[in-house]
Amino acid sequence: MSEMSKMRNIGISAHIDSGKTTLSERILYYCNRIHQIHEVRGKDGVGATMDSMELERERGITIASAATHVTWKGYDINVIDTPGHVDFTIEVERSLRVLDGAIMVLCSVAGVQSQSITVDRQMKRYRVPRIAFVNKCDRTGANPYRVKNQLIEKLGLNAVLLQIPIGLEDRLEGVVDLVGMKALYFDGPKGDVVRQEAIPEELLDEALQKREELLDSVSMLSDELMEAMLEENVTEELLRSAIRKATISLQMVPVMMGSAYRNKGIQSLLDGVAAYLPDPTEVTNTALDLDKDEAPVILQSNPDMPQVILGFKLEDGQYGQLTYIRIYQGKLKKGDELINTRSKKKFKVGRLVRMHSSSMEDISEAGCGDIAALFGIECASGDTFCHPSLNYSLTSMYIPKPVISLAIVPADKKSSDNMGKALNRFSKEDPTFNSFVDSESNQTIIQGMGELHLEVYVERMRREYKAEVTTGRPEVAYREAVSQRAEFNYTHKKQTGGSGQYARVAGYIEPIEEGPEAKDYEFVDQIKGGTIPNEFIPSCDKGFQTAIKKGSQLGFPVVGIRCAINDGAFHPVDSSDQAFQTAALGAFREAYEQAKPIILEPIMKVSVSSPAEFQGNIFGSINQRRGIIVSSTEDSNGCVVEAEVPLSEMFGYSTVLRSLTQGKAEFTMELAKYGKVPASIGEELKKAYQEKRKKEQGR
Amino acid sequence: MEIQELNALSPLRAFDQSLNGGLGKGNLGVLISRHGIGKTACLVHLSTDKLFRNEHVIHVSFSGNVEHVINWYKEVFRQISEGRSLADAASVYNNLLANRVVMNFSQENVPVEKVLSSLETLIRQGSFEADAVMFDGYKLTVASEDDVRKIKQFALDMRLEVWFSVSPVRPDVVFDDNGVPNTIFKYKDLIDVLIGLKYNESMDKVIMTLVKNHSKTDPSPMRVSLDPKTMLISE
C-alpha cells in the first residue's frame, strides 16, 4: 500500500473516436502492464461501443473493466473506465463519482464536439479537476491551438497550454514542455525512450511567448507565483505547484497534447497526471447520515477511522462476480465486517483483489482512497458499505427515469432461465435499466435510456448468458397529464352485510405549473372543520397516488398533477383507511376525464455532426420527425445541428442518417424534457391502447 | 397577463410605429453603436417580440458559442415575462422555441454566399418559414457592397425582414452624435432602416435615433430607448 499523496484515481473521458481506447492502451503499455500495443481501427460513430466491447473480449484484456491499476514512477494510478456513449450516462456519472481527476481527450481536428459538452457538464456537476489532452496531433488538419480556444469559448474553461507541438500533422515529432522549457522526443518503435533536448531554434520564440501566456494565466491564480515573477525568480517547482493548485481548485485546465497512435506525448501526460491531478486527500467527499435525517457528513481521508465505502460497479466477468469499491474513509482488510446501509445486511470481507490490465492480484489490505474489488458480495451498484458503527449513505446520485421499453420473448425454456439471470444482473449493475413482467400482457418488458442501450443488453444476453430472445417494437415511455382544473365530489358506499364502507371526498385536481422545480405530484389538504378526520387524510393521499400510477388514456403514469381535497364526509363505524383510499381513487377517475387529459412524450436533445454538405439532408430528416431545429453551427470542419425530436420518431435514425450522409455523420441524443403529443397522434395512441386492452381481456 | 395583452402593451409597438408599421419584408434594418452598448440585447428583444407574435425567426451569430445566444434569449424572455407577470410562462417559452433557430458560424470570415446558402437550406429543406433573419454582430462596415446587395436580394427573394446589429471593429472609426460610425454611410442606399444607439450619461439611458427611416433621411429621436439595467427596449 502506498502513501496517499502518491495515489491517483483518474478517469479518461472522450467523444467517440477521439482515441480514448488507443490512449488507454498506451497508458497501460507505458506503465509496463501490457506488453504489446493493440490497435483499434475502423468503426463508425454509433456502433463503436459495441465494436470495442467485442474487440476487448476477443483480446482478453480488461480495458472495459471498471478500474485498472497501474504504476507510474512510484505513483499508484487507478484508471477508471468511463463509457463513451450518452446512452450510458448513468455509468459515466457513477464513475465520475469515484474518480478524483480526469483526462479529457479531444481530437485535434474535430475539437470540442457535442459529447464533450455533455461530459463537461457532468464533470462540472461532480467538480472533477481535469487535464485536457489534445490527441491525434498527427492527423491532417490538426490544430491544438484551435482546440484550446474551443475549450475556452464553448465550455467556458480556463484552458492553458502547458505544451506546444514540435511539428504537426505527419511531421509531428514531439512536444515542447513550457514548464520545464525543454523539447521532448519519443524515440524507438513504440516511443519508449523519452529524449530531452534543448528547444529547437525555430520554435524558441513561440515557446517563450506561450510560456509568457502560461505564466500570466497561472500568476492570476497564485500570489506566490506573482511575487516570484516580479522578483524574476520563477522556479520549475513553484510553477508546477501553482498549476497543481489552480487545477485542483477547478480554476484552470492544463492543456497537453500528442498522438496516442504515434506514441507521442503519453509519458509526459502521465507525468502531468502525477503532477497536477489531486490525490484522494485533496478532494472533499460527503456522505449522508441516515440516523440524522440525512444530514451531510464530510468524510475524512483517514485510514484509522471507521470505513465508508461505495460499491460503484458490479461486474460478472471471467473471474466471477466482482463488486468494485472505492474506500472514502478508513482502510479495508480481509476479514473486516461491514454493513450494507441500504439492505442493512452485515457481511465479512472475503477475497479482496486489485485489477490490473491483464491479471488480478489478491491483496490483504486496501488503503484509504484506494479502489479495489470484492468477491461474492450481495448488493446493487451504488450501495454504501460502512463499518457497523456508522449508518451513512454516499450522496444519492441523480438517476434519470427510463424513456423507452421493449418486450422480449425467450426462444425456449433454457433461454428463459438464462434471461432471468441476465436481467437480474443487469438491473443490479445499471439503475437506469429495469425489467418487469407486464401483468396485462404477461410479457417481459425491459426499460432503459435509449434504443442502443437496450440493444446492448439484448446482445449481452445472447453472448454472455446464451439467452436467445426475440424483441418486440421499442415502445416509448409516455406520461399522462391534465391540462385544466376539474372538481370532484365522490362518495364511496358499500353495504354488504357486516361492516360497510363509507367515505366521501370533494376537491379538485389541476396541473402543476411547469418550471424547473415542478414536482410530479402534489397533495394538498384544505379540509376545514374535520369533515374528513385527520387519520384518513393520508389515506386520500395514498388513493390518489395509486390512481396516478396508471392514467386511463394509455395506462402510463400521470405526472405534474396537484390533487387537493377541501370537503368530505365520514361515518363513525363504516369509514376506514381502505374506504378513503377507494374514494380518492374513484374521485380521481371521475375528475380526470373532465380535466382534459393530455399525453406527454419524451423529447430528446439530438445533436448531429456531419460534413457541411449534408446539412440540408439533416434539416430535412429532423423536420420529417416532428423535430425542432434549435441551432446549427458551422465551422471549417463541418456542421453540428442541435435539435429537439420526439423519441418515438427517432427509432432507426442511425440507419437513416448513415444512408443520408454516406456514413459521414454521427449523432448523440439524451432526454431533454417531456412534451405534449399532438392531438392526432394522441388519438391514434389511445385507439391502439384500447384495442390492445380488448385483445388482452378477450384472452 | 395573457400573451395578447402583453403584445399590445409592448414598447415594441411604439418602435414599430416610429417605422411606420415596422421594417417590412424584403427590407434591411441596422442597429448600430459602439461596442458594449447593448445592441445584442436590443436585437434579441426585437426578435423575441416577433416570436411572441408567432413569427419565425432565424438568429445568425458569428460567436462560436450557441449557448451564449440562447442564454440571451432566456434572459430577455425572463425579464419580459416577469415584468408583465405572464401567465404560464414556461409553456409559452417552449412554444417560442419551436419558432426560433440559432445559426452559428464560427469560421473566420465566412463568405456571405455560404451564410445565405445555409439559410436557404434551412428554410427550404428544413421547412422553416422564416419571417425574419437577425444578423448578430455581422461585420457590415467591412463587408463589400456586393455582399450587402446579395443579402438585400435574399431578403426580397425569401420575403423576410433582415436586421443587423453592428459594432465597427476598426479603431479609426469616427462616431457622430447619434452613435453612428462614418463607415456605414457607404451602404445607406441599400439599408432601409438605420438606428443609432448612444449612451447618454445624464439620462442614464441608451438613446435610440432613427437615422434613416425608409425614404426619410433626416435623423429623429425615437420614443423608445434602451434601459441600461435590463438591457430591454422601453418607452
# chains A, B, ... in the order shown; residues from 1 in each chain; ligands from 1
call {"tool": "closest_atom_pairs", "arguments": {"of": "chain B", "to": "chain A", "cutoff": "8 Å", "atoms": "only C-alpha atoms", "output": "CSV"}}
result
residue,atom,partner,partner_atom,distance
B:Gly64,CA,A:Glu153,CA,6.9
B:Asn65,CA,A:Lys154,CA,5.5
B:Val66,CA,A:Ser631,CA,7.2
B:Glu67,CA,A:Lys154,CA,8.0
B:Asp88,CA,A:Glu513,CA,6.8
B:Ala90,CA,A:Glu514,CA,5.7
B:Ser91,CA,A:Glu514,CA,6.8
B:Leu97,CA,A:Val630,CA,7.4
B:Ala98,CA,A:Ile628,CA,5.7
B:Arg100,CA,A:Val630,CA,6.9
B:Val101,CA,A:Val630,CA,5.0
B:Val102,CA,A:Ser631,CA,4.3
B:Met103,CA,A:Ser632,CA,4.7
B:Asn104,CA,A:Thr633,CA,4.4
B:Phe105,CA,A:Glu634,CA,4.8
B:Ser106,CA,A:Asp635,CA,5.1
B:Gln107,CA,A:Asp635,CA,4.6
B:Ser118,CA,A:Gln615,CA,7.9
B:Thr121,CA,A:Gly616,CA,5.4
B:Leu122,CA,A:Phe619,CA,6.4
B:Gln125,CA,A:Gly620,CA,5.1
B:Gly126,CA,A:Phe619,CA,4.5
B:Ser127,CA,A:Asn623,CA,7.0
call {"tool": "residues_around", "arguments": {"residues": "A:Lys73", "least_positions_apart": "6", "cutoff": "9 Å", "atoms": "only C-alpha atoms", "output": "list in words"}}
result
Cys31, Asp271 and Ala274 of chain A
call {"tool": "residues_around", "arguments": {"residues": "B:Asn99", "least_positions_apart": "6", "cutoff": "12 Å", "atoms": "only C-alpha atoms", "output": "list in words"}}
result
Gly627, Ile628, Ile629, Val630 and Ser631 of chain A; Ser47, Thr48, Asp49, Lys50, Leu51, Phe52, Arg53, Asn54, Glu55, His56, Val57, Ile58, His59, Val92, Tyr93, Ile123, Ser127, Phe128, Glu129, Ala130, Asp131, Ala132 and Val133 of chain B
call {"tool": "residues_around", "arguments": {"residues": "A:Glu510", "least_positions_apart": "6", "cutoff": "9 Å", "atoms": "only C-alpha atoms", "output": "PDB file with N, CA and C atoms, in the first residue's frame"}}
result
ATOM      1  N   VAL A 482     -52.880  16.346 -16.890  1.00  0.00           N
ATOM      2  CA  VAL A 482     -54.141  17.053 -17.112  1.00  0.00           C
ATOM      3  C   VAL A 482     -53.820  18.461 -17.589  1.00  0.00           C
ATOM      4  N   SER A 483     -54.748  19.060 -18.333  1.00  0.00           N
ATOM      5  CA  SER A 483     -54.459  20.392 -18.850  1.00  0.00           C
ATOM      6  C   SER A 483     -55.313  21.466 -18.194  1.00  0.00           C
ATOM      7  N   GLN A 484     -56.303  21.069 -17.422  1.00  0.00           N
ATOM      8  CA  GLN A 484     -57.079  22.099 -16.705  1.00  0.00           C
ATOM      9  C   GLN A 484     -57.604  21.548 -15.390  1.00  0.00           C
ATOM     10  N   ARG A 485     -58.125  22.480 -14.596  1.00  0.00           N
ATOM     11  CA  ARG A 485     -58.624  22.097 -13.285  1.00  0.00           C
ATOM     12  C   ARG A 485     -59.987  21.413 -13.414  1.00  0.00           C
ATOM     13  N   ALA A 486     -60.234  20.403 -12.586  1.00  0.00           N
ATOM     14  CA  ALA A 486     -61.559  19.768 -12.566  1.00  0.00           C
ATOM     15  C   ALA A 486     -61.920  19.414 -11.132  1.00  0.00           C
ATOM     16  N   GLU A 487     -63.189  19.603 -10.805  1.00  0.00           N
ATOM     17  CA  GLU A 487     -63.658  19.364  -9.437  1.00  0.00           C
ATOM     18  C   GLU A 487     -64.152  17.920  -9.316  1.00  0.00           C
ATOM     19  N   GLY A 560     -47.153  15.752 -13.039  1.00  0.00           N
ATOM     20  CA  GLY A 560     -47.416  17.186 -12.964  1.00  0.00           C
ATOM     21  C   GLY A 560     -48.829  17.496 -12.486  1.00  0.00           C
ATOM     22  N   ILE A 561     -49.294  16.748 -11.496  1.00  0.00           N
ATOM     23  CA  ILE A 561     -50.678  16.922 -11.078  1.00  0.00           C
ATOM     24  C   ILE A 561     -50.764  17.243  -9.596  1.00  0.00           C
ATOM     25  N   ARG A 562     -51.694  18.181  -9.291  1.00  0.00           N
ATOM     26  CA  ARG A 562     -51.950  18.524  -7.906  1.00  0.00           C
ATOM     27  C   ARG A 562     -53.326  17.985  -7.559  1.00  0.00           C
ATOM     28  N   CYS A 563     -53.428  17.219  -6.487  1.00  0.00           N
ATOM     29  CA  CYS A 563     -54.708  16.691  -6.026  1.00  0.00           C
ATOM     30  C   CYS A 563     -55.032  17.365  -4.703  1.00  0.00           C
ATOM     31  N   ALA A 564     -56.148  18.070  -4.653  1.00  0.00           N
ATOM     32  CA  ALA A 564     -56.499  18.789  -3.436  1.00  0.00           C
ATOM     33  C   ALA A 564     -57.847  18.297  -2.924  1.00  0.00           C
ATOM     34  N   ALA A 595     -60.740  16.897 -16.748  1.00  0.00           N
ATOM     35  CA  ALA A 595     -59.575  17.783 -16.665  1.00  0.00           C
ATOM     36  C   ALA A 595     -58.805  17.819 -17.981  1.00  0.00           C
TER      37      ALA A 595
END
call {"tool": "residues_around", "arguments": {"residues": "stretch 414-428 of chain A", "least_positions_apart": "4", "cutoff": "6 Å", "atoms": "only C-alpha atoms", "output": "CSV table (one decimal) with N, CA and C atoms, in the first residue's frame"}}
result
chain,number,residue,atom,x,y,z
A,380,ALA,N,-26.4,-4.1,-4.8
A,380,ALA,CA,-26.6,-3.4,-6.0
A,380,ALA,C,-25.6,-2.3,-6.2
A,410,PRO,N,-38.2,-15.0,-24.7
A,410,PRO,CA,-37.2,-16.0,-24.9
A,410,PRO,C,-37.6,-17.1,-25.9
A,433,PHE,N,-31.6,0.7,-16.0
A,433,PHE,CA,-32.1,-0.4,-16.7
A,433,PHE,C,-33.1,-1.2,-15.8
A,434,ASN,N,-34.3,-1.4,-16.2
A,434,ASN,CA,-35.3,-2.1,-15.4
A,434,ASN,C,-35.9,-3.2,-16.2
A,465,TYR,N,-24.9,-14.9,-21.7
A,465,TYR,CA,-25.9,-15.8,-21.0
A,465,TYR,C,-26.5,-16.8,-21.9
A,467,ALA,N,-28.8,-16.6,-23.9
A,467,ALA,CA,-30.2,-16.5,-23.9
A,467,ALA,C,-30.7,-15.9,-25.2
A,468,GLU,N,-31.3,-16.7,-26.1
A,468,GLU,CA,-31.8,-16.3,-27.3
A,468,GLU,C,-33.2,-15.6,-27.1
call {"tool": "atom_distance", "arguments": {"atom1": "atom CA of A:Gln307", "atom2": "atom CA of A:Tyr276"}}
result
27.6 Å
call {"tool": "select_by_dssp", "arguments": {"residues": "stretch 266-336 of chain A", "states": "strand (DSSP E or B)", "output": "number ranges by chain"}}
result
A: 286-289, 295-298, 308-317, 320-329, 332-333
call {"tool": "residues_around", "arguments": {"residues": "B:Leu210", "least_positions_apart": "3", "cutoff": "9 Å", "atoms": "only C-alpha atoms", "output": "PDB file with C-alpha atoms, in the first residue's frame"}}
result
ATOM      1  CA  SER B  18     -41.850  55.078 -35.484  1.00  0.00           C
ATOM      2  CA  LEU B  19     -41.017  52.932 -38.508  1.00  0.00           C
ATOM      3  CA  ASN B 178     -26.194  59.692 -32.790  1.00  0.00           C
ATOM      4  CA  VAL B 193     -33.839  51.490 -41.638  1.00  0.00           C
ATOM      5  CA  LEU B 194     -30.804  52.683 -39.698  1.00  0.00           C
ATOM      6  CA  ILE B 195     -30.950  53.166 -35.947  1.00  0.00           C
ATOM      7  CA  GLY B 196     -28.058  54.575 -33.924  1.00  0.00           C
ATOM      8  CA  ASN B 213     -36.485  55.534 -41.985  1.00  0.00           C
ATOM      9  CA  THR B 217     -33.242  60.515 -44.138  1.00  0.00           C
ATOM     10  CA  ASP B 218     -33.302  63.267 -41.528  1.00  0.00           C
ATOM     11  CA  PRO B 219     -32.379  61.845 -38.107  1.00  0.00           C
ATOM     12  CA  SER B 220     -35.142  61.894 -35.498  1.00  0.00           C
ATOM     13  CA  PRO B 221     -35.057  60.624 -31.903  1.00  0.00           C
ATOM     14  CA  MET B 222     -37.248  57.572 -31.183  1.00  0.00           C
TER      15      MET B 222
END
call {"tool": "residues_around", "arguments": {"residues": "B:Gly21", "least_positions_apart": "6", "cutoff": "12 Å", "atoms": "only C-alpha atoms", "output": "PyMOL selection string"}}
result
chain B and resi 12-15+213-214
call {"tool": "write_last_selection", "arguments": {"atoms": "N, CA and C atoms", "output": "mmCIF file, in the first residue's frame"}}
result
data_model
loop_
_atom_site.group_PDB
_atom_site.id
_atom_site.type_symbol
_atom_site.label_atom_id
_atom_site.label_comp_id
_atom_site.auth_asym_id
_atom_site.auth_seq_id
_atom_site.Cartn_x
_atom_site.Cartn_y
_atom_site.Cartn_z
ATOM 1 N N LEU B 12 -42.450 47.712 -28.026
ATOM 2 C CA LEU B 12 -42.102 47.483 -29.424
ATOM 3 C C LEU B 12 -43.192 47.981 -30.378
ATOM 4 N N ARG B 13 -44.418 48.200 -29.842
ATOM 5 C CA ARG B 13 -45.467 48.772 -30.697
ATOM 6 C C ARG B 13 -45.090 50.206 -31.057
ATOM 7 N N ALA B 14 -44.564 50.917 -30.053
ATOM 8 C CA ALA B 14 -44.122 52.294 -30.306
ATOM 9 C C ALA B 14 -42.931 52.286 -31.273
ATOM 10 N N PHE B 15 -42.080 51.281 -31.114
ATOM 11 C CA PHE B 15 -40.930 51.126 -32.008
ATOM 12 C C PHE B 15 -41.418 50.962 -33.446
ATOM 13 N N ASN B 213 -35.231 56.249 -42.123
ATOM 14 C CA ASN B 213 -36.485 55.534 -41.985
ATOM 15 C C ASN B 213 -37.099 55.401 -43.369
ATOM 16 N N HIS B 214 -36.844 54.298 -44.023
ATOM 17 C CA HIS B 214 -37.280 54.073 -45.392
ATOM 18 C C HIS B 214 -36.854 55.248 -46.263
#
call {"tool": "atom_distance", "arguments": {"atom1": "atom CA of B:Gln4", "atom2": "atom CA of B:Glu82"}}
result
15.6 Å
call {"tool": "atom_distance", "arguments": {"atom1": "atom CA of B:Tyr199", "atom2": "atom CA of B:Tyr73"}}
result
22.6 Å
call {"tool": "select_by_dssp", "arguments": {"residues": "stretch 81-150 of chain B", "states": "helix (DSSP H, G or I)", "output": "MDAnalysis selection string"}}
result
chainID B and resid 81:83 89:97 112:125 140:142 145:150
call {"tool": "write_last_selection", "arguments": {"atoms": "C-alpha atoms", "output": "compact mmCIF listing (two decimals), in the first residue's frame"}}
result
# COMPACT_ATOMS: atom_id res chain seq x y z
CA SER B 81 -42.38 37.66 -18.62
CA GLU B 82 -41.57 38.57 -15.03
CA GLY B 83 -42.07 42.27 -15.67
CA ALA B 89 -44.57 31.47 -18.87
CA ALA B 90 -42.75 28.14 -19.06
CA SER B 91 -45.04 26.70 -21.71
CA VAL B 92 -45.14 29.99 -23.64
CA TYR B 93 -41.35 29.86 -23.75
CA ASN B 94 -41.39 26.28 -25.01
CA ASN B 95 -43.74 27.32 -27.80
CA LEU B 96 -41.48 30.23 -28.76
CA LEU B 97 -38.53 27.89 -29.12
CA VAL B 112 -21.71 35.71 -47.33
CA GLU B 113 -22.74 33.20 -50.02
CA LYS B 114 -22.11 30.41 -47.54
CA VAL B 115 -24.28 32.04 -44.89
CA LEU B 116 -27.10 32.69 -47.33
CA SER B 117 -26.96 29.20 -48.77
CA SER B 118 -27.18 27.70 -45.25
CA LEU B 119 -30.14 29.95 -44.51
CA GLU B 120 -31.83 28.89 -47.70
CA THR B 121 -31.18 25.22 -46.88
CA LEU B 122 -32.82 25.66 -43.50
CA ILE B 123 -35.80 27.49 -44.96
CA ARG B 124 -36.36 25.09 -47.82
CA GLN B 125 -35.15 21.67 -46.65
CA LEU B 140 -21.26 45.04 -42.04
CA THR B 141 -18.90 48.00 -42.03
CA VAL B 142 -16.11 45.96 -43.58
CA GLU B 145 -21.09 46.42 -51.23
CA ASP B 146 -21.67 43.34 -53.30
CA ASP B 147 -22.21 41.26 -50.13
CA VAL B 148 -24.80 43.68 -48.81
CA ARG B 149 -26.53 43.66 -52.17
CA LYS B 150 -26.71 39.86 -52.02
call {"tool": "closest_residue", "arguments": {"among": "B:Val76, B:Phe164, B:Ile32, B:Leu23", "to": "B:Val60", "atoms": "only C-alpha atoms"}}
result
B:Phe164
call {"tool": "closest_residue", "arguments": {"among": "A:Cys386, A:Met650, A:Leu208, A:Ile363", "to": "A:Glu337", "atoms": "only C-alpha atoms"}}
result
A:Cys386
